[in-house]
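Quick notes on the structure that follows.
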Amino acid sequence: MPNNNIKEKIQADLQQAKETGQLRTDRIREIVKSAVSQVGSEFKQGSSELRSLVRDAVSAVIENFQEKGSELKDEVTASIEGALEGINTQRHESIAKTQTDIKRLQAQLDGEEEQLQQEVDVILAEIEETGKEKPASTKTAIDSAVNAIKDSEEVGLLKKRYAQLQAQLAIVRANMAARYGGRSMEVQDYLDEAKHWYDKARPQAESVAIQVEQKRSQLEDKLGEAGTSLARKERQIKQTLRELLLTAADLFKEKEPANKERETIHK
């Protein structure tokens, strides 16, 4: 389809949809997406031709609904979303491939870290074993030193904060994918990744402050809701993902009760 005919193509499809009673915003988005993706594949990403293509596609929708005046917002929004999805189809395929590579490397990194931790545990166990042959006072000092290393609060906190950041980042990526044309499978992958890191960030202790626990429950509910909403309308998906992002940001800024107690003691 030549670039200068995209407006005619979109307007013809819009007219056909109107005649069959299917001219809803989701159908407008699909019409624009299909037309732009067909022509957009011929142009380089970020080129002036591609930007012109998007403008023509959106203009076609505006001209078709201009009698609505100030009530045109939903149709214009749908046309912009469809155009962006159309030009970003190939880019999202590349992003999905890169994300697969990242997951593979992350799994490899997790395995190497686990192996390192096991080696450290063996070394510490051997040091504890040698302490059994020492005087009681020396053995106590060795055991205390080993336990201090095993139970390092700094290491635990770093791991938790890292997992929290990864969970938030995955939710941000899910939002970006949904907003700019990512497929439902891509969005679901990010949600699964967010849940994986969120589970790692959860404290093992049961004595969590009630307010924090309530926010954790809200995040779990939002994660589940976001997953099931992928089968619903696009607007509802995006709204749910935005709420999920805000819920995650609100939860992860909370400090653990132990941290608050230490701050109180220091004061």
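Residue numbers start at 1 in each chain; chains themselves are named A, B, ... in the order of the structure tokens; ligands are numbered from 1 in the order shown.
Shell of stretch 143-157 of chain A at 7 Å, with only C-alpha atoms counted and residues fewer than 3 places along the chain excluded, is Leu124, Glu128, Lys139, Thr140, Lys160 and Arg161 of chain A.
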Residue subset to file, keeping all heavy atoms, as a PDB file, in the first residue's frame:
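Saved file selection_28.pdb follows:
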```
ATOM      1  N   LEU A 124      32.476 -21.783  56.028  1.00  0.00           N
ATOM      2  CA  LEU A 124      32.098 -21.358  57.375  1.00  0.00           C
ATOM      3  C   LEU A 124      31.867 -22.562  58.281  1.00  0.00           C
ATOM      4  O   LEU A 124      32.220 -22.539  59.469  1.00  0.00           O
ATOM      5  CB  LEU A 124      30.838 -20.490  57.317  1.00  0.00           C
ATOM      6  CG  LEU A 124      30.991 -19.119  56.638  1.00  0.00           C
ATOM      7  CD1 LEU A 124      29.646 -18.399  56.595  1.00  0.00           C
ATOM      8  CD2 LEU A 124      32.024 -18.265  57.364  1.00  0.00           C
ATOM      9  N   GLU A 128      33.793 -23.423  61.762  1.00  0.00           N
ATOM     10  CA  GLU A 128      33.108 -23.763  63.008  1.00  0.00           C
ATOM     11  C   GLU A 128      33.606 -25.099  63.561  1.00  0.00           C
ATOM     12  O   GLU A 128      33.751 -25.272  64.773  1.00  0.00           O
ATOM     13  CB  GLU A 128      31.596 -23.850  62.762  1.00  0.00           C
ATOM     14  CG  GLU A 128      30.889 -22.512  62.693  1.00  0.00           C
ATOM     15  CD  GLU A 128      29.395 -22.670  62.550  1.00  0.00           C
ATOM     16  OE1 GLU A 128      28.955 -23.391  61.630  1.00  0.00           O
ATOM     17  OE2 GLU A 128      28.640 -22.083  63.355  1.00  0.00           O
ATOM     18  N   LYS A 139      36.236 -20.770  71.132  1.00  0.00           N
ATOM     19  CA  LYS A 139      35.133 -21.354  70.364  1.00  0.00           C
ATOM     20  C   LYS A 139      33.951 -20.388  70.302  1.00  0.00           C
ATOM     21  O   LYS A 139      33.319 -20.216  69.244  1.00  0.00           O
ATOM     22  CB  LYS A 139      34.684 -22.659  70.985  1.00  0.00           C
ATOM     23  CG  LYS A 139      33.546 -23.355  70.228  1.00  0.00           C
ATOM     24  CD  LYS A 139      33.147 -24.650  70.915  1.00  0.00           C
ATOM     25  CE  LYS A 139      32.042 -25.348  70.122  1.00  0.00           C
ATOM     26  NZ  LYS A 139      30.832 -24.495  69.986  1.00  0.00           N
ATOM     27  N   THR A 140      33.661 -19.739  71.425  1.00  0.00           N
ATOM     28  CA  THR A 140      32.551 -18.779  71.462  1.00  0.00           C
ATOM     29  C   THR A 140      32.805 -17.618  70.514  1.00  0.00           C
ATOM     30  O   THR A 140      31.900 -17.160  69.788  1.00  0.00           O
ATOM     31  CB  THR A 140      32.352 -18.242  72.884  1.00  0.00           C
ATOM     32  OG1 THR A 140      32.052 -19.332  73.755  1.00  0.00           O
ATOM     33  CG2 THR A 140      31.231 -17.219  72.937  1.00  0.00           C
ATOM     34  N   LYS A 160      17.224  -7.832  49.346  1.00  0.00           N
ATOM     35  CA  LYS A 160      15.814  -7.466  49.337  1.00  0.00           C
ATOM     36  C   LYS A 160      15.574  -6.235  48.467  1.00  0.00           C
ATOM     37  O   LYS A 160      14.640  -6.197  47.654  1.00  0.00           O
ATOM     38  CB  LYS A 160      15.342  -7.193  50.759  1.00  0.00           C
ATOM     39  CG  LYS A 160      13.889  -6.722  50.810  1.00  0.00           C
ATOM     40  CD  LYS A 160      13.515  -6.267  52.194  1.00  0.00           C
ATOM     41  CE  LYS A 160      12.140  -5.613  52.178  1.00  0.00           C
ATOM     42  NZ  LYS A 160      11.753  -5.063  53.478  1.00  0.00           N
ATOM     43  N   ARG A 161      16.402  -5.209  48.635  1.00  0.00           N
ATOM     44  CA  ARG A 161      16.232  -3.986  47.851  1.00  0.00           C
ATOM     45  C   ARG A 161      16.432  -4.261  46.360  1.00  0.00           C
ATOM     46  O   ARG A 161      15.741  -3.696  45.515  1.00  0.00           O
ATOM     47  CB  ARG A 161      17.225  -2.915  48.331  1.00  0.00           C
ATOM     48  CG  ARG A 161      16.933  -2.390  49.722  1.00  0.00           C
ATOM     49  CD  ARG A 161      15.633  -1.595  49.733  1.00  0.00           C
ATOM     50  NE  ARG A 161      15.373  -1.061  51.069  1.00  0.00           N
ATOM     51  CZ  ARG A 161      14.425  -1.477  51.877  1.00  0.00           C
ATOM     52  NH1 ARG A 161      13.639  -2.474  51.494  1.00  0.00           N
ATOM     53  NH2 ARG A 161      14.238  -0.940  53.057  1.00  0.00           N
TER      54      ARG A 161
END
```
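Straight-line separation from atom CA of A:Ala167 to atom CA of A:Ser217: 15.2 Å.
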**Q.** Å distance separating atom CA of A:Glu71 from atom CA of A:Glu243, one decimal place
**A.** 26.1 Å
Within 10 Å of stretch 185-189 of chain A, which residues of stretch 67-98 of chain A come that close, and what is the closest atom pair and distance in Å for each? Count only C-alpha atoms and give it as CSV.
```
residue,atom,partner,partner_atom,distance
A:His92,CA,A:Glu186,CA,8.7
A:Glu93,CA,A:Glu186,CA,9.3
A:Ile95,CA,A:Glu186,CA,9.2
A:Ala96,CA,A:Glu186,CA,6.7
```
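Distances to A:Ile237 were evaluated for A:Gln108, A:Thr20, A:Ser37, A:Asn175 using only C-alpha atoms, and the minimum falls at A:Asn175.
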Exercise: A:Gly86 partners within 6 Å, only C-alpha atoms, chain neighbours under 2 positions left out, as a JSON list (two decimals) with N, CA and C atoms, in the first residue's frame:
```json
[["chain", "number", "residue", "atom", "x", "y", "z"],
["A", 33, "LYS", "N", -3.74, 0.36, 13.23],
["A", 33, "LYS", "CA", -2.56, -0.48, 13.47],
["A", 33, "LYS", "C", -2.24, -1.33, 12.24],
["A", 36, "VAL", "N", -0.94, 0.95, 9.29],
["A", 36, "VAL", "CA", 0.39, 1.51, 9.55],
["A", 36, "VAL", "C", 1.46, 0.42, 9.53],
["A", 37, "SER", "N", 1.17, -0.74, 10.10],
["A", 37, "SER", "CA", 2.16, -1.82, 10.14],
["A", 37, "SER", "C", 2.50, -2.32, 8.74],
["A", 83, "ALA", "N", -1.58, 3.62, 15.70],
["A", 83, "ALA", "CA", -0.44, 3.99, 14.87],
["A", 83, "ALA", "C", 0.88, 3.63, 15.55],
["A", 84, "LEU", "N", 0.97, 3.91, 16.85],
["A", 84, "LEU", "CA", 2.19, 3.58, 17.59],
["A", 84, "LEU", "C", 2.41, 2.07, 17.64],
["A", 88, "ASN", "N", 5.62, 0.03, 15.89],
["A", 88, "ASN", "CA", 6.51, -0.58, 16.87],
["A", 88, "ASN", "C", 6.48, -2.11, 16.87],
["A", 89, "THR", "N", 5.74, -2.70, 15.92],
["A", 89, "THR", "CA", 5.61, -4.15, 15.89],
["A", 89, "THR", "C", 6.96, -4.84, 15.82]]
```
**Q.** Polymer residues at most 9 Å from A:Leu53, only C-alpha atoms, same-chain spacing of 2 or more positions, as number ranges by chain
**A.** A: 3-4, 6, 36, 39-40, 48-51, 55-58, 83
